[in-house]
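Quick look at coords_35.csv (CSV, C-alpha atoms and all ligand atoms):
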chain,number,residue,atom,x,y,z
O,15,MET,CA,66.9,-7.0,1.3
O,16,THR,CA,66.1,-6.4,4.9
O,17,GLY,CA,65.6,-9.2,7.2
O,18,LEU,CA,61.9,-8.5,7.5
O,19,VAL,CA,61.4,-8.4,3.7
O,20,ARG,CA,63.4,-11.6,3.3
O,21,LYS,CA,61.3,-13.3,5.9
O,22,ALA,CA,58.1,-12.1,4.2
O,23,THR,CA,59.4,-13.4,0.9
O,24,LEU,CA,60.2,-16.8,2.3
O,25,LEU,CA,56.8,-17.0,3.9
O,26,THR,CA,55.1,-16.1,0.6
O,27,ALA,CA,57.1,-18.8,-1.2
O,28,ALA,CA,56.3,-21.3,1.5
O,29,GLY,CA,52.6,-20.4,1.2
O,30,LEU,CA,52.7,-20.9,-2.5
O,31,LEU,CA,54.4,-24.3,-2.1
O,32,VAL,CA,51.7,-25.4,0.4
O,33,ALA,CA,48.9,-24.2,-1.9
O,34,SER,CA,50.5,-26.0,-4.8
O,35,ALA,CA,50.9,-29.2,-2.8
O,36,ALA,CA,47.2,-29.0,-1.8
O,37,MET,CA,46.1,-28.6,-5.4
O,38,ALA,CA,48.2,-31.6,-6.5
O,39,GLY,CA,46.3,-34.8,-6.3
O,40,VAL,CA,42.9,-33.3,-6.0
O,41,PRO,CA,40.7,-34.3,-9.0
O,42,SER,CA,39.4,-31.3,-10.9
O,43,GLU,CA,36.0,-31.5,-12.7
O,44,GLY,CA,37.1,-28.7,-15.1
O,45,ASN,CA,40.5,-30.2,-16.0
O,46,SER,CA,39.3,-33.8,-16.4
O,47,THR,CA,38.1,-35.3,-19.6
O,48,LYS,CA,34.8,-37.2,-19.5
O,49,PRO,CA,31.9,-38.1,-21.8
O,50,ALA,CA,28.7,-36.1,-22.1
O,51,CYS,CA,26.9,-39.4,-22.6
O,52,ILE,CA,27.6,-43.0,-21.7
O,53,GLY,CA,26.1,-45.6,-24.0
O,54,LEU,CA,25.4,-48.9,-22.4
O,55,VAL,CA,25.9,-51.9,-24.7
O,56,GLY,CA,25.7,-55.6,-24.8
O,57,SER,CA,28.1,-58.3,-26.0
O,58,VAL,CA,28.3,-61.2,-28.4
O,59,ALA,CA,30.1,-64.4,-27.8
O,60,GLY,CA,31.6,-63.0,-24.6
O,61,VAL,CA,33.0,-59.9,-26.3
O,62,PRO,CA,31.8,-56.5,-25.1
O,63,ASP,CA,30.6,-54.1,-27.8
O,64,ALA,CA,33.4,-51.6,-27.5
O,65,ALA,CA,32.8,-50.1,-30.9
O,66,ALA,CA,29.5,-48.7,-29.7
O,67,GLY,CA,30.1,-48.3,-26.0
O,68,GLN,CA,33.8,-47.5,-25.3
O,69,PHE,CA,34.6,-44.2,-23.6
O,70,THR,CA,37.6,-42.7,-21.9
O,71,VAL,CA,38.0,-40.7,-18.7
O,72,VAL,CA,41.1,-38.7,-18.1
O,73,VAL,CA,41.6,-37.5,-14.5
O,74,ARG,CA,43.6,-34.4,-14.0
O,75,ASP,CA,44.1,-32.5,-10.7
O,76,LEU,CA,43.6,-28.8,-9.9
O,77,ALA,CA,47.1,-28.1,-11.3
O,78,ASN,CA,46.2,-29.9,-14.5
O,79,ASN,CA,48.5,-32.9,-13.9
O,80,PRO,CA,47.2,-36.4,-14.8
O,81,LEU,CA,46.5,-38.6,-11.8
O,82,ASN,CA,47.9,-42.1,-11.9
O,83,GLY,CA,46.0,-44.8,-10.1
O,84,ALA,CA,42.9,-42.7,-9.5
O,85,SER,CA,39.8,-44.6,-8.7
O,86,VAL,CA,37.1,-43.8,-11.3
O,87,VAL,CA,33.6,-44.8,-10.4
O,88,ILE,CA,30.7,-44.7,-12.9
O,89,ASP,CA,27.6,-44.4,-10.7
O,90,PHE,CA,24.2,-45.3,-12.1
O,91,SER,CA,22.3,-45.2,-8.8
O,92,LEU,CA,20.2,-42.2,-9.9
O,93,CYS,CA,19.1,-44.0,-13.1
O,94,ASP,CA,16.1,-46.1,-12.2
O,95,ASP,CA,15.6,-47.0,-15.8
O,96,ILE,CA,19.1,-48.3,-16.2
O,97,GLY,CA,20.5,-51.7,-15.3
O,98,ILE,CA,24.1,-52.8,-15.3
O,99,CYS,CA,25.5,-56.3,-15.7
O,100,LEU,CA,27.1,-58.2,-12.9
O,101,ASP,CA,29.7,-59.6,-15.3
O,102,GLN,CA,31.2,-56.7,-17.3
O,103,LEU,CA,33.5,-59.1,-19.2
O,104,ASP,CA,36.4,-56.9,-18.1
O,105,VAL,CA,38.9,-58.2,-15.5
O,106,ASP,CA,39.7,-54.6,-14.5
O,107,ALA,CA,36.1,-53.6,-13.8
O,108,LEU,CA,34.9,-53.8,-10.2
O,109,VAL,CA,31.1,-54.0,-10.0
O,110,ASN,CA,29.3,-53.0,-6.9
O,111,CYS,CA,25.7,-54.3,-7.3
O,112,PRO,CA,24.0,-52.6,-4.3
O,113,ALA,CA,25.6,-49.3,-5.1
O,114,LYS,CA,25.1,-49.8,-8.9
O,115,THR,CA,28.6,-48.7,-9.8
O,116,VAL,CA,31.5,-49.8,-12.0
O,117,ARG,CA,35.0,-48.9,-10.9
O,118,LYS,CA,38.4,-48.9,-12.6
O,119,PHE,CA,41.7,-47.2,-12.1
O,120,THR,CA,43.6,-44.7,-14.2
O,121,ASP,CA,47.0,-45.4,-15.8
O,122,VAL,CA,50.1,-43.2,-15.7
O,123,THR,CA,48.5,-40.8,-18.2
O,124,GLY,CA,45.5,-40.4,-15.9
O,125,SER,CA,43.4,-42.3,-18.4
O,126,VAL,CA,41.0,-45.2,-18.0
O,127,THR,CA,38.7,-46.7,-20.7
O,128,PHE,CA,35.3,-48.3,-20.0
O,129,THR,CA,32.8,-50.2,-22.0
O,130,VAL,CA,29.8,-50.6,-19.6
O,131,LEU,CA,27.5,-53.6,-20.2
O,132,GLY,CA,23.9,-53.0,-19.4
O,133,GLY,CA,20.5,-51.7,-20.7
O,134,SER,CA,17.3,-50.1,-19.8
O,135,ASN,CA,14.0,-51.3,-18.4
O,136,GLY,CA,12.2,-48.5,-20.3
O,137,ALA,CA,10.7,-47.1,-17.2
O,138,GLY,CA,10.4,-43.5,-16.1
O,139,LEU,CA,10.1,-40.3,-18.2
O,140,ALA,CA,11.4,-36.9,-19.0
O,141,THR,CA,14.1,-34.8,-17.6
O,142,THR,CA,14.9,-37.0,-14.7
O,143,LEU,CA,16.6,-39.3,-17.2
O,144,ARG,CA,19.0,-36.6,-18.5
O,145,ASN,CA,22.4,-36.3,-16.9
O,146,GLY,CA,21.5,-39.0,-14.5
O,147,GLY,CA,24.9,-40.7,-14.5
O,148,ARG,CA,27.7,-39.7,-12.1
O,149,ILE,CA,31.5,-40.0,-12.6
O,150,TYR,CA,33.6,-39.8,-9.5
O,151,ALA,CA,37.4,-39.7,-9.3
O,152,ASN,CA,38.9,-40.5,-5.9
O,153,GLY,CA,35.4,-39.6,-4.5
O,154,THR,CA,35.2,-36.2,-6.3
O,155,LEU,CA,32.3,-35.7,-8.7
O,156,ILE,CA,33.8,-34.9,-12.1
O,157,GLY,CA,30.9,-35.5,-14.4
O,158,SER,CA,27.1,-36.1,-14.8
O,159,PRO,CA,26.6,-37.8,-18.2
O,160,THR,CA,23.3,-38.8,-19.7
O,161,VAL,CA,23.1,-42.6,-19.8
O,162,VAL,CA,21.8,-44.0,-23.1
O,163,ALA,CA,21.0,-47.6,-24.0
O,164,TYR,CA,20.6,-49.6,-27.2
O,165,ASP,CA,19.0,-52.5,-25.3
O,166,LEU,CA,15.9,-50.6,-24.2
O,167,ASP,CA,14.1,-53.5,-22.6
O,168,GLY,CA,17.1,-55.2,-21.1
O,169,LEU,CA,16.3,-58.5,-22.7
O,170,ALA,CA,17.5,-60.6,-25.6
O,171,GLY,CA,20.2,-58.1,-26.7
O,172,VAL,CA,19.4,-55.4,-29.2
O,173,GLY,CA,16.3,-56.5,-31.0
O,174,ALA,CA,12.9,-55.6,-32.3
O,175,ASN,CA,11.4,-54.9,-28.9
O,176,ASP,CA,14.0,-52.2,-28.3
O,177,LEU,CA,13.0,-50.5,-31.6
O,178,SER,CA,9.4,-50.5,-30.2
O,179,ALA,CA,10.7,-49.0,-26.9
O,180,TRP,CA,12.7,-46.3,-28.8
O,181,LEU,CA,9.6,-45.4,-30.9
O,182,THR,CA,7.6,-45.1,-27.7
O,183,ASP,CA,10.2,-42.8,-26.1
O,184,PHE,CA,10.4,-40.7,-29.3
O,185,GLY,CA,6.6,-40.3,-29.3
O,186,LEU,CA,6.4,-39.4,-25.6
O,187,ASP,CA,9.1,-36.9,-25.0
O,188,PRO,CA,12.2,-35.7,-26.9
O,189,ASP,CA,14.0,-35.3,-23.6
O,190,ILE,CA,14.2,-38.9,-22.6
O,191,GLY,CA,17.9,-39.4,-22.1
O,192,ARG,CA,18.2,-43.1,-22.6
O,193,SER,CA,17.1,-42.9,-26.2
O,194,ASP,CA,19.3,-39.9,-27.2
O,195,LEU,CA,21.8,-42.3,-28.8
O,196,ASP,CA,23.7,-39.5,-30.7
O,197,CYS,CA,23.9,-37.4,-27.5
O,198,ASP,CA,22.7,-34.2,-29.2
O,199,GLY,CA,20.3,-33.4,-26.4
O,200,SER,CA,17.0,-34.7,-27.8
O,201,VAL,CA,15.4,-37.8,-29.1
O,202,GLY,CA,15.2,-37.6,-32.9
O,203,ALA,CA,15.6,-39.3,-36.3
O,204,ASN,CA,19.4,-39.5,-36.0
O,205,ASP,CA,19.1,-41.6,-32.9
O,206,LEU,CA,17.0,-44.0,-34.8
O,207,SER,CA,19.8,-44.2,-37.4
O,208,PHE,CA,22.2,-45.0,-34.6
O,209,TRP,CA,20.0,-47.7,-33.2
O,210,LEU,CA,19.5,-49.3,-36.7
O,211,THR,CA,23.2,-49.3,-37.3
O,212,GLU,CA,23.8,-51.0,-34.0
O,213,PHE,CA,21.1,-53.5,-34.6
O,214,GLY,CA,22.5,-54.3,-38.0
O,215,ASN,CA,26.0,-54.7,-36.6
O,216,GLY,CA,24.8,-57.5,-34.3
O,217,THR,CA,27.6,-56.7,-31.8
O,218,SER,CA,25.2,-56.2,-28.9
O,219,ALA,CA,23.2,-59.4,-29.5
O,220,ALA,CA,23.4,-60.5,-25.8
O,221,SER,CA,22.0,-58.8,-22.7
O,222,CYS,CA,23.2,-59.2,-19.2
O,223,ALA,CA,23.4,-62.7,-17.8
O,224,PRO,CA,21.9,-62.9,-15.3
O,225,PRO,CA,19.6,-59.9,-16.0
O,226,PRO,CA,19.5,-57.1,-13.5
O,227,ALA,CA,16.9,-57.0,-10.7
O,228,PRO,CA,13.9,-54.7,-10.9
O,229,GLY,CA,15.3,-51.2,-10.5
O,230,GLY,CA,18.4,-52.1,-12.4
O,231,THR,CA,20.6,-53.3,-9.6
O,232,CYS,CA,22.6,-56.3,-10.7
O,233,LEU,CA,22.0,-59.5,-8.9
O,234,LEU,CA,24.8,-60.8,-6.7
B,301,CA,CA,16.4,-56.0,-26.0
B,302,CA,CA,19.6,-37.3,-30.3
Take the structure in the file and give it back as structure tokens.
Ligand SMILES: [Ca+2]
Ligand SMILES: [Ca+2]
Amino acid sequence: MTGLVRKATLLTAAGLLVASAAMAGVPSEGNSTKPACIGLVGSVAGVPDAAAGQFTVVVRDLANNPLNGASVVIDFSLCDDIGICLDQLDVDALVNCPAKTVRKFTDVTGSVTFTVLGGSNGAGLATTLRNGGRIYANGTLIGSPTVVAYDLDGLAGVGANDLSAWLTDFGLDPDIGRSDLDCDGSVGANDLSFWLTEFGNGTSAASCAPPPAPGGTCLL
């Protein structure tokens, strides 16, 4: 190997190392695991309704390595019809009321699990309510889930008034994201089945306390 070739080889190897280092630690939307829909739920006796609302985000970088300690923010600021609870009944969840976000951090496997407490105010229509959620990892957008809610009036847990709100959404527009409880892309009979099951379980009997302000921002 001539000196020139050796130098070129070394420079190429160094370049690859630099590129690899740059990829490491940068969250990748394509490599990360995130939900297509986020279901907001209530609680009962201070216990979040994880059975209906729990979801997991796995953050991986551009080199497909899991990111430990990554800040994962679920951002509801674009969802005018959605309100989140000030108290998420989760010591690891950091709520930012003005920003309308919930933040947690990933573990060594790059994973973090959420159950977001909140509901809807039943306002707004149509496609603006689809894919309105945002998921950020260390500030990088990695997902835009639809945000669905069982408590569609944001009051008194999951109850009869929410059924009425669901039926209104069903009648108005099959594309109203908040009522697409099975996350199949439209509001239909199967979503009603989901809602009835949730109502029957009684595990989201309580709404936020205190309730969110108009517009869904939680009260400080
Ligand atoms: Ca309700
Ligand atoms: Ca559906």
Checklist entry - Can you list, as JSON, numbers by chain, every protein, DNA or RNA residue that comes within 9 Å of range 114-128 of chain O when you count only C-alpha atoms, leaving out same-chain residues fewer than 5 positions away? => result {"O": [47, 64, 67, 68, 69, 70, 71, 72, 73, 74, 79, 80, 81, 82, 83, 84, 85, 86, 87, 88, 89, 90, 91, 97, 98, 102, 104, 106, 107, 108, 109, 230, 231, 232]}
List every protein, DNA or RNA residue that has an atom no more than 12 Å from (12.1, -38.5, -18.2) in the file's coordinate frame, counting all atoms listed in the file, and report them as a PDB file with C-alpha atoms, keeping the file's coordinate frame.
ATOM      1  CA  CYS O  93      19.100 -44.000 -13.100  1.00  0.00           C
ATOM      2  CA  ASP O  94      16.100 -46.100 -12.200  1.00  0.00           C
ATOM      3  CA  ASP O  95      15.600 -47.000 -15.800  1.00  0.00           C
ATOM      4  CA  GLY O 136      12.200 -48.500 -20.300  1.00  0.00           C
ATOM      5  CA  ALA O 137      10.700 -47.100 -17.200  1.00  0.00           C
ATOM      6  CA  GLY O 138      10.400 -43.500 -16.100  1.00  0.00           C
ATOM      7  CA  LEU O 139      10.100 -40.300 -18.200  1.00  0.00           C
ATOM      8  CA  ALA O 140      11.400 -36.900 -19.000  1.00  0.00           C
ATOM      9  CA  THR O 141      14.100 -34.800 -17.600  1.00  0.00           C
ATOM     10  CA  THR O 142      14.900 -37.000 -14.700  1.00  0.00           C
ATOM     11  CA  LEU O 143      16.600 -39.300 -17.200  1.00  0.00           C
ATOM     12  CA  ARG O 144      19.000 -36.600 -18.500  1.00  0.00           C
ATOM     13  CA  ASN O 145      22.400 -36.300 -16.900  1.00  0.00           C
ATOM     14  CA  GLY O 146      21.500 -39.000 -14.500  1.00  0.00           C
ATOM     15  CA  THR O 160      23.300 -38.800 -19.700  1.00  0.00           C
ATOM     16  CA  VAL O 161      23.100 -42.600 -19.800  1.00  0.00           C
ATOM     17  CA  ASP O 183      10.200 -42.800 -26.100  1.00  0.00           C
ATOM     18  CA  PHE O 184      10.400 -40.700 -29.300  1.00  0.00           C
ATOM     19  CA  LEU O 186       6.400 -39.400 -25.600  1.00  0.00           C
ATOM     20  CA  ASP O 187       9.100 -36.900 -25.000  1.00  0.00           C
ATOM     21  CA  PRO O 188      12.200 -35.700 -26.900  1.00  0.00           C
ATOM     22  CA  ASP O 189      14.000 -35.300 -23.600  1.00  0.00           C
ATOM     23  CA  ILE O 190      14.200 -38.900 -22.600  1.00  0.00           C
ATOM     24  CA  GLY O 191      17.900 -39.400 -22.100  1.00  0.00           C
ATOM     25  CA  ARG O 192      18.200 -43.100 -22.600  1.00  0.00           C
ATOM     26  CA  SER O 193      17.100 -42.900 -26.200  1.00  0.00           C
ATOM     27  CA  ASP O 194      19.300 -39.900 -27.200  1.00  0.00           C
ATOM     28  CA  SER O 200      17.000 -34.700 -27.800  1.00  0.00           C
ATOM     29  CA  VAL O 201      15.400 -37.800 -29.100  1.00  0.00           C
TER      30      VAL O 201
END
Checklist entry - Could you state the separation of CA of Gly39 in chain O and CA of Thr154 in chain O in Å, given to one decimal place? => result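 So the answer is 11.2 Å.
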Between chain O and ligand CA 301 (chain B), at 8 Å or less, what are the per-residue closest atom pairs and their distances in Å? Count only C-alpha atoms and all ligand atoms, order by chain and rising residue number, and return it as a tab-separated table.
residue	atom	partner	partner_atom	distance
O:Gly133	CA	B:CA301	CA	8.0
O:Tyr164	CA	B:CA301	CA	7.7
O:Asp165	CA	B:CA301	CA	4.4
O:Leu166	CA	B:CA301	CA	5.7
O:Asp167	CA	B:CA301	CA	4.8
O:Gly168	CA	B:CA301	CA	5.0
O:Leu169	CA	B:CA301	CA	4.1
O:Ala170	CA	B:CA301	CA	4.7
O:Gly171	CA	B:CA301	CA	4.4
O:Val172	CA	B:CA301	CA	4.4
O:Gly173	CA	B:CA301	CA	5.0
O:Ala174	CA	B:CA301	CA	7.2
O:Asn175	CA	B:CA301	CA	5.9
O:Asp176	CA	B:CA301	CA	5.0
O:Ser221	CA	B:CA301	CA	7.1
Writing out the chosen residues with C-alpha atoms as a short mmCIF file (atom, residue, chain, number, x, y, z; two decimals), in the frame of the given file:
data_model
loop_
_atom_site.label_atom_id
_atom_site.label_comp_id
_atom_site.auth_asym_id
_atom_site.auth_seq_id
_atom_site.Cartn_x
_atom_site.Cartn_y
_atom_site.Cartn_z
CA GLY O 133 20.50 -51.70 -20.70
CA TYR O 164 20.60 -49.60 -27.20
CA ASP O 165 19.00 -52.50 -25.30
CA LEU O 166 15.90 -50.60 -24.20
CA ASP O 167 14.10 -53.50 -22.60
CA GLY O 168 17.10 -55.20 -21.10
CA LEU O 169 16.30 -58.50 -22.70
CA ALA O 170 17.50 -60.60 -25.60
CA GLY O 171 20.20 -58.10 -26.70
CA VAL O 172 19.40 -55.40 -29.20
CA GLY O 173 16.30 -56.50 -31.00
CA ALA O 174 12.90 -55.60 -32.30
CA ASN O 175 11.40 -54.90 -28.90
CA ASP O 176 14.00 -52.20 -28.30
CA SER O 221 22.00 -58.80 -22.70
#
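Separating CA of Thr211 in chain O from CA of Gly199 in chain O is a distance of 19.5 Å.
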Checklist entry - What lies within 6 Å of Asp63 in chain O using all atoms listed in the file, ignoring chain neighbours under 5 positions off, as a PyMOL selection string? => result chain O and resi 56-57+217-218
Checklist entry - Of the candidates O:Ile96, O:Ala227, O:Leu195, O:Ala219, which one gets nearest to ligand CA 302 (chain B) if we count only C-alpha atoms and all ligand atoms? => result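 Distance minimum relative to ligand CA 302 (chain B) lands on O:Leu195.
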Item to check | Distance in Å - CA of Pro224 in chain O versus CA of Trp180 in chain O | outcome: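 Interatomic distance here is 23.3 Å.
Residues with any atom within 10 Å of Asp198 in chain O, counting only C-alpha atoms and excluding same-chain neighbours fewer than 6 positions away, are Ala50, Cys51, Asn204 and Asp205 of chain O.
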Could those selected residues go to a file with C-alpha atoms, as a short mmCIF file (atom, residue, chain, number, x, y, z; two decimals), in the frame of the given file?
data_model
loop_
_atom_site.label_atom_id
_atom_site.label_comp_id
_atom_site.auth_asym_id
_atom_site.auth_seq_id
_atom_site.Cartn_x
_atom_site.Cartn_y
_atom_site.Cartn_z
CA ALA O 50 28.70 -36.10 -22.10
CA CYS O 51 26.90 -39.40 -22.60
CA ASN O 204 19.40 -39.50 -36.00
CA ASP O 205 19.10 -41.60 -32.90
#
Item to check | Residue among O:Ala38, O:Cys111, O:Leu103, O:Ala179 lying closest to Pro62 in chain O, counting only C-alpha atoms | outcome: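 Nearest to Pro62 in chain O: O:Leu103.
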